[in-house]
$ cat entry.cif   # mmCIF, N, CA, C and O atoms
data_data
#
loop_
_atom_site.label_atom_id
_atom_site.label_comp_id
_atom_site.auth_asym_id
_atom_site.auth_seq_id
_atom_site.Cartn_x
_atom_site.Cartn_y
_atom_site.Cartn_z
N MET G 1 -127.05 9.63 -32.54
CA MET G 1 -126.75 10.70 -33.47
C MET G 1 -126.98 12.05 -32.79
O MET G 1 -128.02 12.28 -32.19
N ALA G 2 -126.02 12.92 -32.86
CA ALA G 2 -126.10 14.22 -32.20
C ALA G 2 -127.08 15.11 -32.96
O ALA G 2 -127.05 15.18 -34.19
N GLN G 3 -127.94 15.77 -32.21
CA GLN G 3 -128.89 16.68 -32.82
C GLN G 3 -128.22 18.03 -33.01
O GLN G 3 -127.57 18.55 -32.11
N GLU G 4 -128.36 18.58 -34.21
CA GLU G 4 -127.75 19.87 -34.50
C GLU G 4 -128.79 20.97 -34.35
O GLU G 4 -129.97 20.78 -34.66
N PHE G 5 -128.36 22.11 -33.88
CA PHE G 5 -129.24 23.24 -33.69
C PHE G 5 -128.72 24.41 -34.49
O PHE G 5 -127.52 24.58 -34.65
N ASN G 6 -129.63 25.23 -34.99
CA ASN G 6 -129.25 26.45 -35.68
C ASN G 6 -129.11 27.54 -34.62
O ASN G 6 -130.10 28.10 -34.17
N ILE G 7 -127.89 27.79 -34.20
CA ILE G 7 -127.61 28.73 -33.11
C ILE G 7 -127.69 30.16 -33.64
O ILE G 7 -126.99 30.52 -34.58
N ASP G 8 -128.57 30.97 -33.03
CA ASP G 8 -128.74 32.36 -33.45
C ASP G 8 -127.78 33.31 -32.75
O ASP G 8 -127.42 34.36 -33.28
N ASP G 9 -127.35 32.94 -31.53
CA ASP G 9 -126.45 33.81 -30.76
C ASP G 9 -125.68 32.96 -29.77
O ASP G 9 -126.10 31.86 -29.42
N THR G 10 -124.55 33.47 -29.33
CA THR G 10 -123.72 32.79 -28.34
C THR G 10 -123.30 33.81 -27.29
O THR G 10 -122.99 34.95 -27.61
N VAL G 11 -123.31 33.36 -26.03
CA VAL G 11 -122.81 34.22 -24.95
C VAL G 11 -121.84 33.39 -24.11
O VAL G 11 -122.09 32.22 -23.84
N ASP G 12 -120.72 34.00 -23.75
CA ASP G 12 -119.70 33.34 -22.94
C ASP G 12 -119.75 33.95 -21.53
O ASP G 12 -119.47 35.13 -21.36
N ILE G 13 -120.14 33.12 -20.54
CA ILE G 13 -120.23 33.62 -19.17
C ILE G 13 -119.16 32.97 -18.28
O ILE G 13 -119.29 32.94 -17.07
N THR G 14 -118.09 32.47 -18.91
CA THR G 14 -117.04 31.82 -18.13
C THR G 14 -116.23 32.82 -17.31
O THR G 14 -115.53 32.43 -16.39
N ASP G 15 -116.34 34.11 -17.64
CA ASP G 15 -115.55 35.13 -16.94
C ASP G 15 -116.31 35.79 -15.79
O ASP G 15 -115.82 36.73 -15.18
N VAL G 16 -117.53 35.30 -15.50
CA VAL G 16 -118.32 35.88 -14.39
C VAL G 16 -118.70 34.80 -13.40
O VAL G 16 -118.66 33.61 -13.72
N VAL G 17 -119.08 35.21 -12.20
CA VAL G 17 -119.44 34.26 -11.14
C VAL G 17 -120.90 34.42 -10.77
O VAL G 17 -121.51 35.46 -11.02
N CYS G 18 -121.47 33.38 -10.15
CA CYS G 18 -122.86 33.42 -9.70
C CYS G 18 -123.02 34.53 -8.68
O CYS G 18 -122.11 34.74 -7.88
N PRO G 19 -124.12 35.26 -8.65
CA PRO G 19 -125.31 35.08 -9.49
C PRO G 19 -125.27 35.85 -10.80
O PRO G 19 -126.23 35.84 -11.55
N THR G 20 -124.15 36.52 -11.08
CA THR G 20 -124.06 37.32 -12.30
C THR G 20 -124.16 36.45 -13.56
O THR G 20 -124.58 36.93 -14.60
N THR G 21 -123.81 35.16 -13.44
CA THR G 21 -123.88 34.27 -14.61
C THR G 21 -125.29 34.24 -15.18
O THR G 21 -125.49 34.39 -16.38
N PHE G 22 -126.28 34.06 -14.31
CA PHE G 22 -127.66 34.00 -14.80
C PHE G 22 -128.10 35.35 -15.35
O PHE G 22 -128.80 35.41 -16.37
N VAL G 23 -127.72 36.43 -14.70
CA VAL G 23 -128.10 37.77 -15.15
C VAL G 23 -127.58 38.00 -16.57
O VAL G 23 -128.32 38.46 -17.45
N LYS G 24 -126.33 37.65 -16.81
CA LYS G 24 -125.74 37.84 -18.14
C LYS G 24 -126.45 36.96 -19.18
O LYS G 24 -126.71 37.40 -20.30
N ALA G 25 -126.76 35.72 -18.80
CA ALA G 25 -127.47 34.81 -19.71
C ALA G 25 -128.88 35.34 -19.99
O ALA G 25 -129.35 35.30 -21.13
N LYS G 26 -129.56 35.86 -18.96
CA LYS G 26 -130.92 36.36 -19.12
C LYS G 26 -130.94 37.57 -20.05
O LYS G 26 -131.82 37.70 -20.91
N VAL G 27 -129.99 38.47 -19.90
CA VAL G 27 -129.91 39.66 -20.75
C VAL G 27 -129.71 39.23 -22.21
O VAL G 27 -130.36 39.75 -23.12
N ALA G 28 -128.84 38.25 -22.43
CA ALA G 28 -128.61 37.77 -23.80
C ALA G 28 -129.88 37.15 -24.37
O ALA G 28 -130.21 37.35 -25.55
N LEU G 29 -130.62 36.40 -23.56
CA LEU G 29 -131.88 35.80 -23.99
C LEU G 29 -132.91 36.87 -24.34
O LEU G 29 -133.65 36.73 -25.32
N GLU G 30 -132.97 37.93 -23.56
CA GLU G 30 -133.95 38.99 -23.79
C GLU G 30 -133.73 39.69 -25.13
O GLU G 30 -134.66 40.24 -25.70
N GLU G 31 -132.50 39.65 -25.64
CA GLU G 31 -132.19 40.30 -26.91
C GLU G 31 -132.62 39.45 -28.11
O GLU G 31 -132.63 39.95 -29.24
N LEU G 32 -132.98 38.20 -27.88
CA LEU G 32 -133.40 37.32 -28.96
C LEU G 32 -134.88 37.47 -29.26
O LEU G 32 -135.65 37.91 -28.42
N ASP G 33 -135.27 37.06 -30.47
CA ASP G 33 -136.68 36.95 -30.82
C ASP G 33 -137.19 35.61 -30.33
O ASP G 33 -136.42 34.66 -30.18
N ASP G 34 -138.50 35.51 -30.12
CA ASP G 34 -139.09 34.25 -29.69
C ASP G 34 -138.76 33.14 -30.68
O ASP G 34 -138.82 33.35 -31.89
N GLY G 35 -138.39 31.99 -30.15
CA GLY G 35 -138.06 30.85 -30.99
C GLY G 35 -136.60 30.77 -31.39
O GLY G 35 -136.15 29.74 -31.89
N GLN G 36 -135.84 31.84 -31.17
CA GLN G 36 -134.43 31.80 -31.51
C GLN G 36 -133.67 30.96 -30.47
O GLN G 36 -134.13 30.76 -29.35
N ILE G 37 -132.49 30.51 -30.88
CA ILE G 37 -131.70 29.61 -30.03
C ILE G 37 -130.36 30.25 -29.69
O ILE G 37 -129.70 30.83 -30.56
N ILE G 38 -129.99 30.13 -28.42
CA ILE G 38 -128.72 30.68 -27.94
C ILE G 38 -127.88 29.57 -27.32
O ILE G 38 -128.41 28.64 -26.73
N SER G 39 -126.58 29.69 -27.49
CA SER G 39 -125.64 28.80 -26.83
C SER G 39 -124.96 29.60 -25.71
O SER G 39 -124.38 30.65 -25.97
N ILE G 40 -125.06 29.09 -24.50
CA ILE G 40 -124.47 29.77 -23.35
C ILE G 40 -123.27 28.96 -22.89
O ILE G 40 -123.40 27.82 -22.45
N HIS G 41 -122.07 29.53 -23.04
CA HIS G 41 -120.82 28.87 -22.67
C HIS G 41 -120.50 29.22 -21.22
O HIS G 41 -120.40 30.39 -20.87
N MET G 42 -120.40 28.19 -20.35
CA MET G 42 -120.20 28.45 -18.92
C MET G 42 -119.28 27.42 -18.29
O MET G 42 -119.04 26.36 -18.86
N ASN G 43 -118.82 27.76 -17.11
CA ASN G 43 -117.94 26.87 -16.35
C ASN G 43 -118.75 25.79 -15.63
O ASN G 43 -119.93 25.96 -15.36
N ASP G 44 -118.05 24.72 -15.28
CA ASP G 44 -118.63 23.67 -14.44
C ASP G 44 -118.84 24.24 -13.04
O ASP G 44 -118.31 25.29 -12.69
N GLY G 45 -119.63 23.54 -12.24
CA GLY G 45 -119.86 23.97 -10.86
C GLY G 45 -121.16 24.72 -10.72
O GLY G 45 -122.17 24.32 -11.29
N GLU G 46 -121.14 25.83 -9.98
CA GLU G 46 -122.35 26.59 -9.72
C GLU G 46 -123.10 27.01 -10.98
O GLU G 46 -124.32 26.89 -11.03
N PRO G 47 -122.41 27.53 -12.01
CA PRO G 47 -123.16 27.92 -13.21
C PRO G 47 -123.97 26.77 -13.82
O PRO G 47 -125.13 26.95 -14.18
N VAL G 48 -123.37 25.60 -13.91
CA VAL G 48 -124.08 24.45 -14.50
C VAL G 48 -125.24 24.01 -13.63
O VAL G 48 -126.26 23.54 -14.12
N GLN G 49 -125.11 24.19 -12.32
CA GLN G 49 -126.19 23.82 -11.40
C GLN G 49 -127.31 24.85 -11.43
O GLN G 49 -128.49 24.49 -11.35
N ASN G 50 -126.97 26.12 -11.52
CA ASN G 50 -127.95 27.19 -11.33
C ASN G 50 -128.54 27.79 -12.60
O ASN G 50 -129.73 28.07 -12.65
N VAL G 51 -127.71 28.00 -13.61
CA VAL G 51 -128.19 28.69 -14.81
C VAL G 51 -129.29 27.91 -15.54
O VAL G 51 -130.35 28.47 -15.84
N PRO G 52 -129.10 26.60 -15.82
CA PRO G 52 -130.19 25.89 -16.51
C PRO G 52 -131.50 25.91 -15.72
O PRO G 52 -132.58 26.11 -16.30
N ARG G 53 -131.42 25.73 -14.42
CA ARG G 53 -132.63 25.74 -13.59
C ARG G 53 -133.31 27.10 -13.66
O ARG G 53 -134.53 27.19 -13.83
N SER G 54 -132.54 28.16 -13.54
CA SER G 54 -133.11 29.51 -13.56
C SER G 54 -133.72 29.83 -14.91
O SER G 54 -134.79 30.44 -14.99
N ILE G 55 -133.08 29.41 -15.98
CA ILE G 55 -133.61 29.66 -17.33
C ILE G 55 -134.92 28.90 -17.52
O ILE G 55 -135.88 29.42 -18.08
N LYS G 56 -134.97 27.66 -17.03
CA LYS G 56 -136.19 26.87 -17.13
C LYS G 56 -137.32 27.53 -16.33
O LYS G 56 -138.46 27.57 -16.78
N GLU G 57 -136.99 28.06 -15.15
CA GLU G 57 -137.98 28.74 -14.32
C GLU G 57 -138.52 29.99 -15.02
O GLU G 57 -139.66 30.39 -14.78
N GLU G 58 -137.71 30.59 -15.89
CA GLU G 58 -138.14 31.76 -16.67
C GLU G 58 -139.08 31.33 -17.80
O GLU G 58 -139.66 32.18 -18.47
N GLY G 59 -139.19 30.02 -18.04
CA GLY G 59 -140.10 29.51 -19.06
C GLY G 59 -139.47 29.18 -20.39
O GLY G 59 -140.16 28.83 -21.35
N HIS G 60 -138.16 29.27 -20.46
CA HIS G 60 -137.47 28.96 -21.73
C HIS G 60 -137.21 27.46 -21.82
O HIS G 60 -137.24 26.73 -20.83
N GLN G 61 -136.93 27.00 -23.04
CA GLN G 61 -136.77 25.57 -23.29
C GLN G 61 -135.29 25.20 -23.35
O GLN G 61 -134.54 25.70 -24.19
N ILE G 62 -134.86 24.31 -22.45
CA ILE G 62 -133.50 23.79 -22.47
C ILE G 62 -133.46 22.68 -23.53
O ILE G 62 -134.17 21.69 -23.41
N LEU G 63 -132.64 22.87 -24.55
CA LEU G 63 -132.55 21.87 -25.61
C LEU G 63 -131.46 20.85 -25.34
O LEU G 63 -131.64 19.67 -25.59
N LYS G 64 -130.32 21.31 -24.82
CA LYS G 64 -129.21 20.39 -24.60
C LYS G 64 -128.17 21.04 -23.69
O LYS G 64 -127.98 22.25 -23.72
N LEU G 65 -127.51 20.21 -22.89
CA LEU G 65 -126.37 20.65 -22.10
C LEU G 65 -125.19 19.81 -22.56
O LEU G 65 -125.20 18.59 -22.42
N ILE G 66 -124.19 20.45 -23.12
CA ILE G 66 -123.04 19.76 -23.72
C ILE G 66 -121.83 19.91 -22.82
O ILE G 66 -121.41 21.02 -22.51
N ASN G 67 -121.26 18.78 -22.39
CA ASN G 67 -120.03 18.79 -21.61
C ASN G 67 -118.86 18.84 -22.59
O ASN G 67 -118.66 17.93 -23.39
N ASN G 68 -118.09 19.91 -22.53
CA ASN G 68 -116.96 20.09 -23.46
C ASN G 68 -115.71 19.34 -23.01
O ASN G 68 -114.68 19.42 -23.68
N GLU G 69 -115.81 18.66 -21.86
CA GLU G 69 -114.69 17.85 -21.34
C GLU G 69 -113.46 18.69 -20.98
O GLU G 69 -112.35 18.17 -20.90
N ASP G 70 -113.65 20.00 -20.79
CA ASP G 70 -112.52 20.86 -20.42
C ASP G 70 -112.88 21.75 -19.23
O ASP G 70 -112.26 22.79 -19.00
N GLY G 71 -113.93 21.33 -18.49
CA GLY G 71 -114.37 22.14 -17.35
C GLY G 71 -115.41 23.17 -17.74
O GLY G 71 -115.80 23.98 -16.92
N THR G 72 -115.83 23.16 -19.02
CA THR G 72 -116.88 24.08 -19.46
C THR G 72 -118.03 23.30 -20.09
O THR G 72 -117.87 22.14 -20.48
N TYR G 73 -119.16 23.96 -20.16
CA TYR G 73 -120.36 23.39 -20.76
C TYR G 73 -120.97 24.41 -21.72
O TYR G 73 -120.78 25.62 -21.55
N ASP G 74 -121.71 23.91 -22.70
CA ASP G 74 -122.52 24.77 -23.57
C ASP G 74 -123.97 24.39 -23.34
O ASP G 74 -124.36 23.23 -23.52
N LEU G 75 -124.76 25.37 -22.93
CA LEU G 75 -126.18 25.17 -22.70
C LEU G 75 -126.93 25.75 -23.91
O LEU G 75 -126.78 26.93 -24.22
N ILE G 76 -127.69 24.89 -24.58
CA ILE G 76 -128.44 25.31 -25.75
C ILE G 76 -129.88 25.56 -25.32
O ILE G 76 -130.55 24.68 -24.79
N VAL G 77 -130.35 26.79 -25.55
CA VAL G 77 -131.66 27.23 -25.05
C VAL G 77 -132.48 27.87 -26.19
O VAL G 77 -131.94 28.67 -26.96
N ARG G 78 -133.77 27.51 -26.25
CA ARG G 78 -134.69 28.17 -27.16
C ARG G 78 -135.51 29.18 -26.37
O ARG G 78 -136.10 28.84 -25.35
N LYS G 79 -135.54 30.42 -26.86
CA LYS G 79 -136.34 31.45 -26.19
C LYS G 79 -137.81 31.17 -26.44
O LYS G 79 -138.23 30.95 -27.56
N VAL G 80 -138.58 31.18 -25.35
CA VAL G 80 -140.02 30.96 -25.42
C VAL G 80 -140.71 32.29 -25.12
O VAL G 80 -140.27 33.04 -24.25
N GLU G 81 -141.77 32.55 -25.85
CA GLU G 81 -142.51 33.80 -25.68
C GLU G 81 -142.94 33.99 -24.23
O GLU G 81 -143.43 33.07 -23.60
N GLU G 82 -142.71 35.18 -23.73
CA GLU G 82 -143.02 35.48 -22.33
C GLU G 82 -144.49 35.74 -22.14
O GLU G 82 -145.16 36.25 -23.00
#

$ encode --input "entry.cif" --output "structure tokens"
Amino acid sequence: MAQEFNIDDTVDITDVVCPTTFVKAKVALEELDDGQIISIHMNDGEPVQNVPRSIKEEGHQILKLINNEDGTYDLIVRKVEE
């Protein structure tokens, strides 16, 4: 059974390339309150390899990585208090 999340914000980083992908995702995360959830829409390849790892290193919680089967992914992240 798929777990549903109450998404507070969404950011689409499919139009940018690494390392700007993480920067754009980080800025969007910084605008959230602690505990809020964001969906980050990104391309396959470098973004999927680098963005989740970098977000986890920042201390945030990765809830799910969804393969959209079209060359894009949605990364669901909960902001954790810094």

$ select_by_dssp --input "entry.cif" --residues "chain G" --states "alpha helix (DSSP H)" --output "PyMOL selection string"
chain G and resi 20-30+46-57

$ resolve_selection --input "entry.cif" --expression "the PyMOL selection byres (((chain G and resi 42-50 and name CA) around 7) and name CA)" --output "list in words"
Asp12, Ile13, Thr14, Cys18, Thr21, Ile40, His41, Val51, Pro52, Arg53, Ser54, Gly71, Thr72, Tyr73 and Asp74 of chain G

$ write_last_selection --input "entry.cif" --atoms "N, CA, C and O atoms" --output "PDB file, in the frame of the given file"
ATOM      1  N   ASP G  12    -120.720  34.000 -23.750  1.00  0.00           N
ATOM      2  CA  ASP G  12    -119.700  33.340 -22.940  1.00  0.00           C
ATOM      3  C   ASP G  12    -119.750  33.950 -21.530  1.00  0.00           C
ATOM      4  O   ASP G  12    -119.470  35.130 -21.360  1.00  0.00           O
ATOM      5  N   ILE G  13    -120.140  33.120 -20.540  1.00  0.00           N
ATOM      6  CA  ILE G  13    -120.230  33.620 -19.170  1.00  0.00           C
ATOM      7  C   ILE G  13    -119.160  32.970 -18.280  1.00  0.00           C
ATOM      8  O   ILE G  13    -119.290  32.940 -17.070  1.00  0.00           O
ATOM      9  N   THR G  14    -118.090  32.470 -18.910  1.00  0.00           N
ATOM     10  CA  THR G  14    -117.040  31.820 -18.130  1.00  0.00           C
ATOM     11  C   THR G  14    -116.230  32.820 -17.310  1.00  0.00           C
ATOM     12  O   THR G  14    -115.530  32.430 -16.390  1.00  0.00           O
ATOM     13  N   CYS G  18    -121.470  33.380 -10.150  1.00  0.00           N
ATOM     14  CA  CYS G  18    -122.860  33.420  -9.700  1.00  0.00           C
ATOM     15  C   CYS G  18    -123.020  34.530  -8.680  1.00  0.00           C
ATOM     16  O   CYS G  18    -122.110  34.740  -7.880  1.00  0.00           O
ATOM     17  N   THR G  21    -123.810  35.160 -13.440  1.00  0.00           N
ATOM     18  CA  THR G  21    -123.880  34.270 -14.610  1.00  0.00           C
ATOM     19  C   THR G  21    -125.290  34.240 -15.180  1.00  0.00           C
ATOM     20  O   THR G  21    -125.490  34.390 -16.380  1.00  0.00           O
ATOM     21  N   ILE G  40    -125.060  29.090 -24.500  1.00  0.00           N
ATOM     22  CA  ILE G  40    -124.470  29.770 -23.350  1.00  0.00           C
ATOM     23  C   ILE G  40    -123.270  28.960 -22.890  1.00  0.00           C
ATOM     24  O   ILE G  40    -123.400  27.820 -22.450  1.00  0.00           O
ATOM     25  N   HIS G  41    -122.070  29.530 -23.040  1.00  0.00           N
ATOM     26  CA  HIS G  41    -120.820  28.870 -22.670  1.00  0.00           C
ATOM     27  C   HIS G  41    -120.500  29.220 -21.220  1.00  0.00           C
ATOM     28  O   HIS G  41    -120.400  30.390 -20.870  1.00  0.00           O
ATOM     29  N   VAL G  51    -127.710  28.000 -13.610  1.00  0.00           N
ATOM     30  CA  VAL G  51    -128.190  28.690 -14.810  1.00  0.00           C
ATOM     31  C   VAL G  51    -129.290  27.910 -15.540  1.00  0.00           C
ATOM     32  O   VAL G  51    -130.350  28.470 -15.840  1.00  0.00           O
ATOM     33  N   PRO G  52    -129.100  26.600 -15.820  1.00  0.00           N
ATOM     34  CA  PRO G  52    -130.190  25.890 -16.510  1.00  0.00           C
ATOM     35  C   PRO G  52    -131.500  25.910 -15.720  1.00  0.00           C
ATOM     36  O   PRO G  52    -132.580  26.110 -16.300  1.00  0.00           O
ATOM     37  N   ARG G  53    -131.420  25.730 -14.420  1.00  0.00           N
ATOM     38  CA  ARG G  53    -132.630  25.740 -13.590  1.00  0.00           C
ATOM     39  C   ARG G  53    -133.310  27.100 -13.660  1.00  0.00           C
ATOM     40  O   ARG G  53    -134.530  27.190 -13.830  1.00  0.00           O
ATOM     41  N   SER G  54    -132.540  28.160 -13.540  1.00  0.00           N
ATOM     42  CA  SER G  54    -133.110  29.510 -13.560  1.00  0.00           C
ATOM     43  C   SER G  54    -133.720  29.830 -14.910  1.00  0.00           C
ATOM     44  O   SER G  54    -134.790  30.440 -14.990  1.00  0.00           O
ATOM     45  N   GLY G  71    -113.930  21.330 -18.490  1.00  0.00           N
ATOM     46  CA  GLY G  71    -114.370  22.140 -17.350  1.00  0.00           C
ATOM     47  C   GLY G  71    -115.410  23.170 -17.740  1.00  0.00           C
ATOM     48  O   GLY G  71    -115.800  23.980 -16.920  1.00  0.00           O
ATOM     49  N   THR G  72    -115.830  23.160 -19.020  1.00  0.00           N
ATOM     50  CA  THR G  72    -116.880  24.080 -19.460  1.00  0.00           C
ATOM     51  C   THR G  72    -118.030  23.300 -20.090  1.00  0.00           C
ATOM     52  O   THR G  72    -117.870  22.140 -20.480  1.00  0.00           O
ATOM     53  N   TYR G  73    -119.160  23.960 -20.160  1.00  0.00           N
ATOM     54  CA  TYR G  73    -120.360  23.390 -20.760  1.00  0.00           C
ATOM     55  C   TYR G  73    -120.970  24.410 -21.720  1.00  0.00           C
ATOM     56  O   TYR G  73    -120.780  25.620 -21.550  1.00  0.00           O
ATOM     57  N   ASP G  74    -121.710  23.910 -22.700  1.00  0.00           N
ATOM     58  CA  ASP G  74    -122.520  24.770 -23.570  1.00  0.00           C
ATOM     59  C   ASP G  74    -123.970  24.390 -23.340  1.00  0.00           C
ATOM     60  O   ASP G  74    -124.360  23.230 -23.520  1.00  0.00           O
TER      61      ASP G  74
END

$ atom_distance --input "entry.cif" --atom1 "atom O of Asn6 in chain G" --atom2 "atom O of Lys24 in chain G"
17.0 Å

$ residues_around --input "entry.cif" --residues "Ile37 in chain G" --least-positions-apart "3" --cutoff "5 Å" --atoms "all atoms listed in the file" --output "ChimeraX atom specification"
/G:6-9,77-78

$ atom_distance --input "entry.cif" --atom1 "atom O of Val16 in chain G" --atom2 "CA of Gln36 in chain G"
23.8 Å

$ decode --input "entry.cif" --residues "range 1-22 of chain G" --atoms "N, CA, C and O atoms" --output "JSON list (two decimals), in the first residue's frame"
[["chain", "number", "residue", "atom", "x", "y", "z"],
["G", 1, "MET", "N", 0.84, -1.18, 0.00],
["G", 1, "MET", "CA", 0.00, 0.00, 0.00],
["G", 1, "MET", "C", 0.88, 1.25, 0.00],
["G", 1, "MET", "O", 1.80, 1.38, 0.80],
["G", 2, "ALA", "N", 0.63, 2.16, -0.89],
["G", 2, "ALA", "CA", 1.43, 3.37, -1.02],
["G", 2, "ALA", "C", 1.14, 4.31, 0.14],
["G", 2, "ALA", "O", -0.02, 4.52, 0.49],
["G", 3, "GLN", "N", 2.19, 4.84, 0.72],
["G", 3, "GLN", "CA", 2.03, 5.78, 1.81],
["G", 3, "GLN", "C", 1.81, 7.17, 1.23],
["G", 3, "GLN", "O", 2.52, 7.60, 0.33],
["G", 4, "GLU", "N", 0.79, 7.85, 1.74],
["G", 4, "GLU", "CA", 0.49, 9.19, 1.25],
["G", 4, "GLU", "C", 1.09, 10.22, 2.18],
["G", 4, "GLU", "O", 1.13, 10.03, 3.40],
["G", 5, "PHE", "N", 1.54, 11.31, 1.62],
["G", 5, "PHE", "CA", 2.14, 12.38, 2.40],
["G", 5, "PHE", "C", 1.36, 13.66, 2.16],
["G", 5, "PHE", "O", 0.87, 13.89, 1.06],
["G", 6, "ASN", "N", 1.27, 14.50, 3.16],
["G", 6, "ASN", "CA", 0.66, 15.81, 3.02],
["G", 6, "ASN", "C", 1.75, 16.76, 2.55],
["G", 6, "ASN", "O", 2.56, 17.23, 3.35],
["G", 7, "ILE", "N", 1.80, 17.01, 1.26],
["G", 7, "ILE", "CA", 2.87, 17.82, 0.66],
["G", 7, "ILE", "C", 2.57, 19.30, 0.89],
["G", 7, "ILE", "O", 1.51, 19.79, 0.52],
["G", 8, "ASP", "N", 3.52, 19.99, 1.53],
["G", 8, "ASP", "CA", 3.34, 21.42, 1.82],
["G", 8, "ASP", "C", 3.83, 22.31, 0.69],
["G", 8, "ASP", "O", 3.35, 23.43, 0.51],
["G", 9, "ASP", "N", 4.80, 21.82, -0.10],
["G", 9, "ASP", "CA", 5.36, 22.62, -1.19],
["G", 9, "ASP", "C", 5.95, 21.68, -2.24],
["G", 9, "ASP", "O", 6.27, 20.53, -1.94],
["G", 10, "THR", "N", 6.08, 22.18, -3.44],
["G", 10, "THR", "CA", 6.67, 21.41, -4.54],
["G", 10, "THR", "C", 7.66, 22.31, -5.27],
["G", 10, "THR", "O", 7.40, 23.50, -5.46],
["G", 11, "VAL", "N", 8.79, 21.72, -5.65],
["G", 11, "VAL", "CA", 9.76, 22.46, -6.46],
["G", 11, "VAL", "C", 10.15, 21.57, -7.64],
["G", 11, "VAL", "O", 10.33, 20.37, -7.49],
["G", 12, "ASP", "N", 10.22, 22.17, -8.82],
["G", 12, "ASP", "CA", 10.59, 21.46, -10.04],
["G", 12, "ASP", "C", 12.00, 21.89, -10.43],
["G", 12, "ASP", "O", 12.23, 23.06, -10.76],
["G", 13, "ILE", "N", 12.95, 20.94, -10.37],
["G", 13, "ILE", "CA", 14.34, 21.27, -10.72],
["G", 13, "ILE", "C", 14.77, 20.56, -12.01],
["G", 13, "ILE", "O", 15.94, 20.37, -12.26],
["G", 14, "THR", "N", 13.78, 20.17, -12.82],
["G", 14, "THR", "CA", 14.10, 19.47, -14.06],
["G", 14, "THR", "C", 14.76, 20.39, -15.09],
["G", 14, "THR", "O", 15.35, 19.93, -16.04],
["G", 15, "ASP", "N", 14.64, 21.71, -14.88],
["G", 15, "ASP", "CA", 15.19, 22.66, -15.86],
["G", 15, "ASP", "C", 16.58, 23.15, -15.49],
["G", 15, "ASP", "O", 17.13, 24.03, -16.15],
["G", 16, "VAL", "N", 17.18, 22.59, -14.42],
["G", 16, "VAL", "CA", 18.53, 23.01, -14.02],
["G", 16, "VAL", "C", 19.45, 21.80, -13.96],
["G", 16, "VAL", "O", 18.99, 20.66, -13.90],
["G", 17, "VAL", "N", 20.75, 22.05, -13.98],
["G", 17, "VAL", "CA", 21.74, 20.97, -13.97],
["G", 17, "VAL", "C", 22.57, 21.03, -12.69],
["G", 17, "VAL", "O", 22.65, 22.07, -12.04],
["G", 18, "CYS", "N", 23.19, 19.90, -12.34],
["G", 18, "CYS", "CA", 24.05, 19.84, -11.15],
["G", 18, "CYS", "C", 25.21, 20.81, -11.33],
["G", 18, "CYS", "O", 25.70, 20.95, -12.45],
["G", 19, "PRO", "N", 25.66, 21.48, -10.29],
["G", 19, "PRO", "CA", 25.22, 21.37, -8.90],
["G", 19, "PRO", "C", 24.07, 22.29, -8.54],
["G", 19, "PRO", "O", 23.65, 22.33, -7.39],
["G", 20, "THR", "N", 23.54, 23.03, -9.51],
["G", 20, "THR", "CA", 22.46, 23.97, -9.23],
["G", 20, "THR", "C", 21.20, 23.25, -8.73],
["G", 20, "THR", "O", 20.40, 23.84, -8.01],
["G", 21, "THR", "N", 21.04, 21.98, -9.10],
["G", 21, "THR", "CA", 19.85, 21.23, -8.67],
["G", 21, "THR", "C", 19.75, 21.22, -7.15],
["G", 21, "THR", "O", 18.69, 21.51, -6.59],
["G", 22, "PHE", "N", 20.84, 20.90, -6.47],
["G", 22, "PHE", "CA", 20.80, 20.85, -5.01],
["G", 22, "PHE", "C", 20.59, 22.24, -4.43],
["G", 22, "PHE", "O", 19.85, 22.40, -3.45]]
